[in-house]
Amino acid sequence: MGWVKAAPDAGLLLHAEGDPAAIEALLGELGEVDSESVRVEGHEQFAIRGVPAGVFVVQEHQATAHHFDLRLEVDGVMRSWAVPKGPSMDPAVKRLAVEVEDHSVSHNDYEGPAVIVWDRGTYEQGGRVAWPAALERGHAVFVLHGEKLRGGFALQRTRDGTKPQWLLIKRRDECARPGSDVVAELPASVVSGRTLA
Ligand code: MN
């Protein structure tokens with residue numbers, strides 16, 4: 001397992017995990033490389049350096065109960081969770097996220113009397129289990145590149161059934177903002193600048 005990414009200055013960064021003999025053989029194939037061993041911390045490395053996966057959107061929705069809809073593009077549809085209190089950039093905060101039906105990608109820009117586009121951008125799929133299997137197993141880590149939400153997040157399923165319940169948690173990284181309340185601090189639509197109120 002591993003990843004390859006462009007280095008900021010020059011060349012490529014390669015991360016490889018596996019049988020030491022296989023790593024040695026790989027290094028031999030590559031020729032002249034600088035290598036170092038790094039500690040593997042669970043899924044953390046893949047949470048930070050994931051696979052570009054598509055777009056995400058968070059829509060604030062005044063329905064019978066006010067909530068935020070988190071939608072992640074997975075295999076051409078928007079997998080969706082209703083988050084009553086909205087996302088948080090504070091890693092100490094766990095937000096209930098109720099899985100709801102998939103939405104069409106074409107709905108991502110929608111705003112109306114009861115809906116604003118609270119945030120949007122692209123995301124990377126992380127974790128040691130490839131998506132969508134990670135979602136099926138109930139633990140998915142990902143990196144958001146939004147206007148408000150940035151850095152690693154995790155979705156952890158806590159209850160199965162017809163309306164599966166998950167927890168949405170900000171991962172501890174350089175983007176985390178302990179003590180913050182991003183929903184209250186940045187209420188405006190990233191599309192129109194208006195607030196739901
Ligand atoms: Mn909704």
# chains A, B, ... in the order shown; residues from 1 in each chain; ligands from 1
>>> residues_near_ligand(ligand="ligand 1", cutoff="8 Å", atoms="only C-alpha atoms and all ligand atoms", output="ChimeraX atom specification")
/A:59-63,67-69,82
>>> write_last_selection(atoms="N, CA, C and O atoms", output="compact mmCIF listing (two decimals), in the first residue's frame")
# COMPACT_ATOMS: atom_id res chain seq x y z
N GLN A 59 -24.86 21.56 2.66
CA GLN A 59 -25.99 22.45 2.47
C GLN A 59 -26.71 22.63 3.81
O GLN A 59 -27.01 21.66 4.50
N GLU A 60 -26.93 23.87 4.19
CA GLU A 60 -27.71 24.16 5.40
C GLU A 60 -29.18 24.13 5.00
O GLU A 60 -29.57 24.75 4.00
N HIS A 61 -29.98 23.43 5.76
CA HIS A 61 -31.33 23.10 5.33
C HIS A 61 -32.31 23.33 6.48
O HIS A 61 -32.22 22.67 7.52
N GLN A 62 -33.20 24.29 6.28
CA GLN A 62 -34.25 24.53 7.27
C GLN A 62 -35.44 23.66 6.91
O GLN A 62 -36.34 24.07 6.17
N ALA A 63 -35.45 22.43 7.41
CA ALA A 63 -36.59 21.53 7.23
C ALA A 63 -37.39 21.57 8.54
O ALA A 63 -37.24 22.48 9.33
N HIS A 67 -30.92 21.41 9.94
CA HIS A 67 -29.74 20.54 9.90
C HIS A 67 -28.83 20.96 8.76
O HIS A 67 -29.18 21.83 7.95
N PHE A 68 -27.69 20.33 8.71
CA PHE A 68 -26.73 20.52 7.61
C PHE A 68 -26.60 19.19 6.89
O PHE A 68 -26.42 18.15 7.54
N ASP A 69 -26.67 19.20 5.56
CA ASP A 69 -26.50 17.98 4.79
C ASP A 69 -25.07 17.92 4.27
O ASP A 69 -24.66 18.74 3.44
N ALA A 82 -27.32 13.78 7.25
CA ALA A 82 -27.92 14.95 7.88
C ALA A 82 -27.26 15.14 9.25
O ALA A 82 -27.29 14.24 10.08
>>> residues_around(residues="Leu14 (chain A)", least_positions_apart="2", cutoff="10 Å", atoms="only C-alpha atoms", output="PyMOL selection string")
chain A and resi 2-7+11-12+16+33+35
>>> write_last_selection(atoms="all heavy atoms", output="PDB file, in the first residue's frame")
ATOM      1  N   GLY A   2       0.349   2.302  -0.518  1.00  0.00           N
ATOM      2  CA  GLY A   2       1.116   3.528  -0.467  1.00  0.00           C
ATOM      3  C   GLY A   2       0.495   4.627  -1.284  1.00  0.00           C
ATOM      4  O   GLY A   2      -0.672   4.555  -1.653  1.00  0.00           O
ATOM      5  N   TRP A   3       1.293   5.644  -1.494  1.00  0.00           N
ATOM      6  CA  TRP A   3       0.834   6.764  -2.296  1.00  0.00           C
ATOM      7  C   TRP A   3       2.036   7.398  -2.973  1.00  0.00           C
ATOM      8  O   TRP A   3       3.181   7.184  -2.570  1.00  0.00           O
ATOM      9  CB  TRP A   3       0.065   7.800  -1.466  1.00  0.00           C
ATOM     10  CG  TRP A   3       0.700   8.200  -0.161  1.00  0.00           C
ATOM     11  CD1 TRP A   3       0.335   7.789   1.083  1.00  0.00           C
ATOM     12  CD2 TRP A   3       1.808   9.101   0.019  1.00  0.00           C
ATOM     13  NE1 TRP A   3       1.144   8.367   2.021  1.00  0.00           N
ATOM     14  CE2 TRP A   3       2.052   9.177   1.407  1.00  0.00           C
ATOM     15  CE3 TRP A   3       2.615   9.841  -0.846  1.00  0.00           C
ATOM     16  CZ2 TRP A   3       3.070   9.969   1.941  1.00  0.00           C
ATOM     17  CZ3 TRP A   3       3.622  10.631  -0.303  1.00  0.00           C
ATOM     18  CH2 TRP A   3       3.841  10.689   1.073  1.00  0.00           C
ATOM     19  N   VAL A   4       1.748   8.176  -4.036  1.00  0.00           N
ATOM     20  CA  VAL A   4       2.775   8.952  -4.729  1.00  0.00           C
ATOM     21  C   VAL A   4       2.220  10.354  -4.877  1.00  0.00           C
ATOM     22  O   VAL A   4       1.058  10.530  -5.231  1.00  0.00           O
ATOM     23  CB  VAL A   4       3.082   8.388  -6.131  1.00  0.00           C
ATOM     24  CG1 VAL A   4       4.141   9.228  -6.827  1.00  0.00           C
ATOM     25  CG2 VAL A   4       3.516   6.938  -6.035  1.00  0.00           C
ATOM     26  N   LYS A   5       3.024  11.349  -4.559  1.00  0.00           N
ATOM     27  CA  LYS A   5       2.561  12.723  -4.802  1.00  0.00           C
ATOM     28  C   LYS A   5       3.724  13.585  -5.246  1.00  0.00           C
ATOM     29  O   LYS A   5       4.881  13.270  -4.977  1.00  0.00           O
ATOM     30  CB  LYS A   5       1.860  13.293  -3.565  1.00  0.00           C
ATOM     31  CG  LYS A   5       2.762  13.505  -2.390  1.00  0.00           C
ATOM     32  CD  LYS A   5       1.967  13.909  -1.153  1.00  0.00           C
ATOM     33  CE  LYS A   5       1.294  15.243  -1.325  1.00  0.00           C
ATOM     34  NZ  LYS A   5       0.722  15.754  -0.059  1.00  0.00           N
ATOM     35  N   ALA A   6       3.381  14.675  -5.939  1.00  0.00           N
ATOM     36  CA  ALA A   6       4.398  15.607  -6.394  1.00  0.00           C
ATOM     37  C   ALA A   6       4.967  16.341  -5.183  1.00  0.00           C
ATOM     38  O   ALA A   6       4.225  16.812  -4.330  1.00  0.00           O
ATOM     39  CB  ALA A   6       3.793  16.593  -7.380  1.00  0.00           C
ATOM     40  N   ALA A   7       6.282  16.423  -5.113  1.00  0.00           N
ATOM     41  CA  ALA A   7       6.926  17.171  -4.033  1.00  0.00           C
ATOM     42  C   ALA A   7       6.805  18.656  -4.344  1.00  0.00           C
ATOM     43  O   ALA A   7       6.759  19.048  -5.504  1.00  0.00           O
ATOM     44  CB  ALA A   7       8.387  16.766  -3.901  1.00  0.00           C
ATOM     45  N   GLY A  11      10.512  16.709  -8.044  1.00  0.00           N
ATOM     46  CA  GLY A  11      10.429  15.266  -7.958  1.00  0.00           C
ATOM     47  C   GLY A  11       9.153  14.750  -7.336  1.00  0.00           C
ATOM     48  O   GLY A  11       8.138  15.440  -7.282  1.00  0.00           O
ATOM     49  N   LEU A  12       9.211  13.521  -6.875  1.00  0.00           N
ATOM     50  CA  LEU A  12       8.038  12.845  -6.344  1.00  0.00           C
ATOM     51  C   LEU A  12       8.322  12.324  -4.949  1.00  0.00           C
ATOM     52  O   LEU A  12       9.444  11.943  -4.628  1.00  0.00           O
ATOM     53  CB  LEU A  12       7.664  11.648  -7.227  1.00  0.00           C
ATOM     54  CG  LEU A  12       7.164  11.928  -8.633  1.00  0.00           C
ATOM     55  CD1 LEU A  12       7.021  10.626  -9.405  1.00  0.00           C
ATOM     56  CD2 LEU A  12       5.829  12.656  -8.581  1.00  0.00           C
ATOM     57  N   ALA A  16       5.549   3.850   0.787  1.00  0.00           N
ATOM     58  CA  ALA A  16       5.253   2.443   0.531  1.00  0.00           C
ATOM     59  C   ALA A  16       5.248   1.682   1.848  1.00  0.00           C
ATOM     60  O   ALA A  16       6.094   1.915   2.716  1.00  0.00           O
ATOM     61  CB  ALA A  16       6.275   1.844  -0.426  1.00  0.00           C
ATOM     62  N   VAL A  33      17.243   7.095  -5.118  1.00  0.00           N
ATOM     63  CA  VAL A  33      16.225   7.755  -4.308  1.00  0.00           C
ATOM     64  C   VAL A  33      16.761   7.993  -2.899  1.00  0.00           C
ATOM     65  O   VAL A  33      17.634   7.276  -2.431  1.00  0.00           O
ATOM     66  CB  VAL A  33      14.924   6.917  -4.187  1.00  0.00           C
ATOM     67  CG1 VAL A  33      14.208   6.818  -5.504  1.00  0.00           C
ATOM     68  CG2 VAL A  33      15.236   5.541  -3.626  1.00  0.00           C
ATOM     69  N   SER A  35      15.676   7.663   0.822  1.00  0.00           N
ATOM     70  CA  SER A  35      14.592   6.992   1.535  1.00  0.00           C
ATOM     71  C   SER A  35      14.785   7.123   3.034  1.00  0.00           C
ATOM     72  O   SER A  35      15.895   7.279   3.532  1.00  0.00           O
ATOM     73  CB  SER A  35      14.527   5.513   1.139  1.00  0.00           C
ATOM     74  OG  SER A  35      15.663   4.835   1.624  1.00  0.00           O
TER      75      SER A  35
END
>>> closest_residue(among="A:Glu73, A:Asp90, A:Asp119, A:Asp34", to="Gly54 (chain A)", atoms="only C-alpha atoms")
A:Glu73
>>> select_by_dssp(residues="region 21-118 of chain A", states="strand (DSSP E)", output="JSON, numbers by chain")
{"A": [51, 52, 53, 54, 55, 56, 57, 58, 59, 60, 61, 62, 66, 67, 68, 69, 70, 71, 72, 73, 74, 77, 78, 79, 80, 81, 82, 83, 94, 95, 96, 97, 98, 99, 100, 101, 102, 103, 115, 116, 117, 118]}
>>> write_last_selection(atoms="N, CA and C atoms", output="tab-separated table (two decimals), in the first residue's frame")
chain	number	residue	atom	x	y	z
A	51	VAL	N	-6.65	9.84	-1.59
A	51	VAL	CA	-6.86	9.72	-3.02
A	51	VAL	C	-7.88	10.76	-3.46
A	52	PRO	N	-7.52	11.65	-4.40
A	52	PRO	CA	-8.51	12.63	-4.88
A	52	PRO	C	-9.77	11.90	-5.34
A	53	ALA	N	-10.91	12.32	-4.82
A	53	ALA	CA	-12.10	11.50	-5.01
A	53	ALA	C	-13.24	12.22	-5.71
A	54	GLY	N	-13.27	13.54	-5.65
A	54	GLY	CA	-14.41	14.25	-6.24
A	54	GLY	C	-14.75	15.44	-5.40
A	55	VAL	N	-16.03	15.79	-5.43
A	55	VAL	CA	-16.46	17.01	-4.76
A	55	VAL	C	-17.22	16.67	-3.48
A	56	PHE	N	-17.31	17.67	-2.62
A	56	PHE	CA	-18.18	17.57	-1.46
A	56	PHE	C	-18.97	18.87	-1.37
A	57	VAL	N	-20.10	18.80	-0.68
A	57	VAL	CA	-20.89	19.99	-0.43
A	57	VAL	C	-21.55	19.84	0.94
A	58	VAL	N	-21.72	20.96	1.63
A	58	VAL	CA	-22.52	21.00	2.86
A	58	VAL	C	-23.62	22.02	2.63
A	59	GLN	N	-24.86	21.56	2.66
A	59	GLN	CA	-25.99	22.45	2.47
A	59	GLN	C	-26.71	22.63	3.81
A	60	GLU	N	-26.93	23.87	4.19
A	60	GLU	CA	-27.71	24.16	5.40
A	60	GLU	C	-29.18	24.13	5.00
A	61	HIS	N	-29.98	23.43	5.76
A	61	HIS	CA	-31.33	23.10	5.33
A	61	HIS	C	-32.31	23.33	6.48
A	62	GLN	N	-33.20	24.29	6.28
A	62	GLN	CA	-34.25	24.53	7.27
A	62	GLN	C	-35.44	23.66	6.91
A	66	HIS	N	-33.98	21.84	11.68
A	66	HIS	CA	-32.83	22.48	11.03
A	66	HIS	C	-31.63	21.53	11.07
A	67	HIS	N	-30.92	21.41	9.94
A	67	HIS	CA	-29.74	20.54	9.90
A	67	HIS	C	-28.83	20.96	8.76
A	68	PHE	N	-27.69	20.33	8.71
A	68	PHE	CA	-26.73	20.52	7.61
A	68	PHE	C	-26.60	19.19	6.89
A	69	ASP	N	-26.67	19.20	5.56
A	69	ASP	CA	-26.50	17.98	4.79
A	69	ASP	C	-25.07	17.92	4.27
A	70	LEU	N	-24.32	16.96	4.77
A	70	LEU	CA	-22.96	16.70	4.27
A	70	LEU	C	-23.07	15.69	3.14
A	71	ARG	N	-22.53	16.05	1.97
A	71	ARG	CA	-22.62	15.15	0.82
A	71	ARG	C	-21.22	14.96	0.23
A	72	LEU	N	-20.83	13.70	0.04
A	72	LEU	CA	-19.53	13.33	-0.52
A	72	LEU	C	-19.76	12.57	-1.82
A	73	GLU	N	-19.08	12.97	-2.88
A	73	GLU	CA	-19.21	12.27	-4.16
A	73	GLU	C	-18.53	10.91	-4.07
A	74	VAL	N	-19.30	9.86	-4.27
A	74	VAL	CA	-18.78	8.49	-4.26
A	74	VAL	C	-19.38	7.76	-5.44
A	77	VAL	N	-22.41	9.52	-7.33
A	77	VAL	CA	-23.57	10.07	-6.60
A	77	VAL	C	-23.06	10.75	-5.34
A	78	MET	N	-23.93	11.54	-4.72
A	78	MET	CA	-23.55	12.22	-3.49
A	78	MET	C	-24.08	11.43	-2.30
A	79	ARG	N	-23.19	10.69	-1.63
A	79	ARG	CA	-23.57	10.02	-0.38
A	79	ARG	C	-23.85	11.10	0.65
A	80	SER	N	-24.91	10.97	1.42
A	80	SER	CA	-25.40	12.10	2.22
A	80	SER	C	-25.67	11.72	3.67
A	81	TRP	N	-25.38	12.70	4.54
A	81	TRP	CA	-25.64	12.59	5.97
A	81	TRP	C	-26.28	13.88	6.45
A	82	ALA	N	-27.32	13.78	7.25
A	82	ALA	CA	-27.92	14.95	7.88
A	82	ALA	C	-27.26	15.14	9.25
A	83	VAL	N	-26.66	16.31	9.43
A	83	VAL	CA	-25.91	16.61	10.65
A	83	VAL	C	-26.66	17.71	11.40
A	94	LYS	N	-17.88	15.67	18.75
A	94	LYS	CA	-18.41	14.58	17.91
A	94	LYS	C	-19.82	14.97	17.52
A	95	ARG	N	-20.08	15.03	16.23
A	95	ARG	CA	-21.40	15.46	15.76
A	95	ARG	C	-22.18	14.29	15.16
A	96	LEU	N	-23.40	14.11	15.65
A	96	LEU	CA	-24.28	13.08	15.10
A	96	LEU	C	-24.52	13.36	13.62
A	97	ALA	N	-24.42	12.32	12.79
A	97	ALA	CA	-24.67	12.43	11.35
A	97	ALA	C	-25.54	11.24	10.94
A	98	VAL	N	-26.77	11.52	10.57
A	98	VAL	CA	-27.71	10.46	10.21
A	98	VAL	C	-27.65	10.23	8.70
A	99	GLU	N	-27.34	9.01	8.31
A	99	GLU	CA	-27.24	8.72	6.88
A	99	GLU	C	-28.60	8.87	6.22
A	100	VAL	N	-28.64	9.59	5.11
A	100	VAL	CA	-29.88	9.78	4.36
A	100	VAL	C	-29.65	9.36	2.91
A	101	GLU	N	-30.68	9.44	2.11
A	101	GLU	CA	-30.57	8.90	0.76
A	101	GLU	C	-29.56	9.69	-0.08
A	102	ASP	N	-28.97	9.00	-1.06
A	102	ASP	CA	-28.04	9.64	-1.98
A	102	ASP	C	-28.73	10.78	-2.71
A	103	HIS	N	-27.94	11.79	-3.08
A	103	HIS	CA	-28.46	12.87	-3.90
A	103	HIS	C	-27.71	12.90	-5.22
A	115	VAL	N	-32.69	26.44	1.78
A	115	VAL	CA	-31.39	25.77	1.58
A	115	VAL	C	-30.34	26.78	1.13
A	116	ILE	N	-29.17	26.75	1.77
A	116	ILE	CA	-28.01	27.45	1.22
A	116	ILE	C	-26.85	26.48	1.11
A	117	VAL	N	-25.92	26.81	0.20
A	117	VAL	CA	-24.69	26.04	0.08
A	117	VAL	C	-23.71	26.61	1.10
A	118	TRP	N	-23.59	25.92	2.23
A	118	TRP	CA	-22.80	26.45	3.35
A	118	TRP	C	-21.30	26.28	3.11
>>> atom_distance(atom1="CA of Phe142 (chain A)", atom2="CA of His107 (chain A)")
21.6 Å
>>> residues_around(residues="region 170-181 of chain A", least_positions_apart="6", cutoff="10 Å", atoms="only C-alpha atoms", output="PyMOL selection string")
chain A and resi 44+47-48+86-95+141-143+149-155
>>> select_by_dssp(residues="chain A", states="alpha helix (DSSP H)", output="count of residues only")
25
>>> closest_residue(among="A:Gly76, A:Gly193, A:Gly18, A:Gly146", to="Val105 (chain A)", atoms="only C-alpha atoms")
A:Gly76
>>> atom_distance(atom1="CA of Ser106 (chain A)", atom2="CA of Gly138 (chain A)")
26.2 Å
>>> atom_distance(atom1="CA of Gly126 (chain A)", atom2="CA of Val38 (chain A)")
17.9 Å
>>> decode(residues="region 75-86 of chain A", atoms="all heavy atoms", output="short mmCIF file (atom, residue, chain, number, x, y, z; two decimals), in the first residue's frame")
data_model
loop_
_atom_site.label_atom_id
_atom_site.label_comp_id
_atom_site.auth_asym_id
_atom_site.auth_seq_id
_atom_site.Cartn_x
_atom_site.Cartn_y
_atom_site.Cartn_z
N ASP A 75 -18.55 7.36 -6.37
CA ASP A 75 -19.01 6.63 -7.55
C ASP A 75 -20.15 7.34 -8.27
O ASP A 75 -21.15 6.72 -8.65
CB ASP A 75 -19.43 5.20 -7.16
CG ASP A 75 -18.24 4.37 -6.67
OD1 ASP A 75 -17.10 4.72 -7.02
OD2 ASP A 75 -18.46 3.38 -5.96
N GLY A 76 -20.03 8.64 -8.43
CA GLY A 76 -20.96 9.37 -9.28
C GLY A 76 -22.22 9.86 -8.61
O GLY A 76 -23.04 10.53 -9.24
N VAL A 77 -22.41 9.52 -7.33
CA VAL A 77 -23.57 10.07 -6.60
C VAL A 77 -23.06 10.75 -5.34
O VAL A 77 -21.92 10.56 -4.94
CB VAL A 77 -24.61 8.99 -6.23
CG1 VAL A 77 -25.17 8.33 -7.47
CG2 VAL A 77 -24.03 7.97 -5.27
N MET A 78 -23.93 11.54 -4.72
CA MET A 78 -23.55 12.22 -3.49
C MET A 78 -24.08 11.43 -2.30
O MET A 78 -25.28 11.45 -2.00
CB MET A 78 -24.10 13.66 -3.49
CG MET A 78 -23.65 14.53 -4.66
SD MET A 78 -21.85 14.71 -4.84
CE MET A 78 -21.46 15.73 -3.42
N ARG A 79 -23.19 10.69 -1.63
CA ARG A 79 -23.57 10.02 -0.38
C ARG A 79 -23.85 11.10 0.65
O ARG A 79 -23.08 12.07 0.74
CB ARG A 79 -22.45 9.09 0.09
CG ARG A 79 -22.18 7.93 -0.87
CD ARG A 79 -23.25 6.87 -0.83
NE ARG A 79 -23.32 6.21 0.46
CZ ARG A 79 -22.72 5.04 0.75
NH1 ARG A 79 -22.01 4.41 -0.16
NH2 ARG A 79 -22.84 4.49 1.95
N SER A 80 -24.91 10.97 1.42
CA SER A 80 -25.40 12.10 2.22
C SER A 80 -25.67 11.72 3.67
O SER A 80 -26.13 10.61 3.97
CB SER A 80 -26.68 12.65 1.60
OG SER A 80 -26.44 13.11 0.28
N TRP A 81 -25.38 12.70 4.54
CA TRP A 81 -25.64 12.59 5.97
C TRP A 81 -26.28 13.88 6.45
O TRP A 81 -25.80 14.96 6.10
CB TRP A 81 -24.35 12.37 6.76
CG TRP A 81 -23.69 11.05 6.54
CD1 TRP A 81 -23.77 9.96 7.36
CD2 TRP A 81 -22.84 10.66 5.45
NE1 TRP A 81 -23.02 8.93 6.83
CE2 TRP A 81 -22.44 9.33 5.67
CE3 TRP A 81 -22.38 11.32 4.30
CZ2 TRP A 81 -21.61 8.65 4.79
CZ3 TRP A 81 -21.55 10.64 3.42
CH2 TRP A 81 -21.18 9.32 3.67
N ALA A 82 -27.32 13.78 7.25
CA ALA A 82 -27.92 14.95 7.88
C ALA A 82 -27.26 15.14 9.25
O ALA A 82 -27.29 14.24 10.08
CB ALA A 82 -29.43 14.76 8.02
N VAL A 83 -26.66 16.31 9.43
CA VAL A 83 -25.91 16.61 10.65
C VAL A 83 -26.66 17.71 11.40
O VAL A 83 -26.59 18.88 11.02
CB VAL A 83 -24.48 17.06 10.31
CG1 VAL A 83 -23.65 17.25 11.57
CG2 VAL A 83 -23.80 16.08 9.34
N PRO A 84 -27.42 17.36 12.45
CA PRO A 84 -28.29 18.36 13.10
C PRO A 84 -27.54 19.61 13.56
O PRO A 84 -28.03 20.72 13.37
CB PRO A 84 -28.89 17.59 14.28
CG PRO A 84 -28.89 16.16 13.83
CD PRO A 84 -27.62 16.01 13.02
N LYS A 85 -26.38 19.44 14.17
CA LYS A 85 -25.66 20.60 14.69
C LYS A 85 -24.61 21.13 13.72
O LYS A 85 -23.93 22.11 14.01
CB LYS A 85 -25.00 20.26 16.03
CG LYS A 85 -26.01 20.02 17.14
CD LYS A 85 -25.30 19.81 18.47
CE LYS A 85 -26.32 19.67 19.61
NZ LYS A 85 -25.64 19.35 20.88
N GLY A 86 -24.44 20.46 12.60
CA GLY A 86 -23.46 20.90 11.62
C GLY A 86 -22.07 20.41 11.97
O GLY A 86 -21.83 19.90 13.06
#
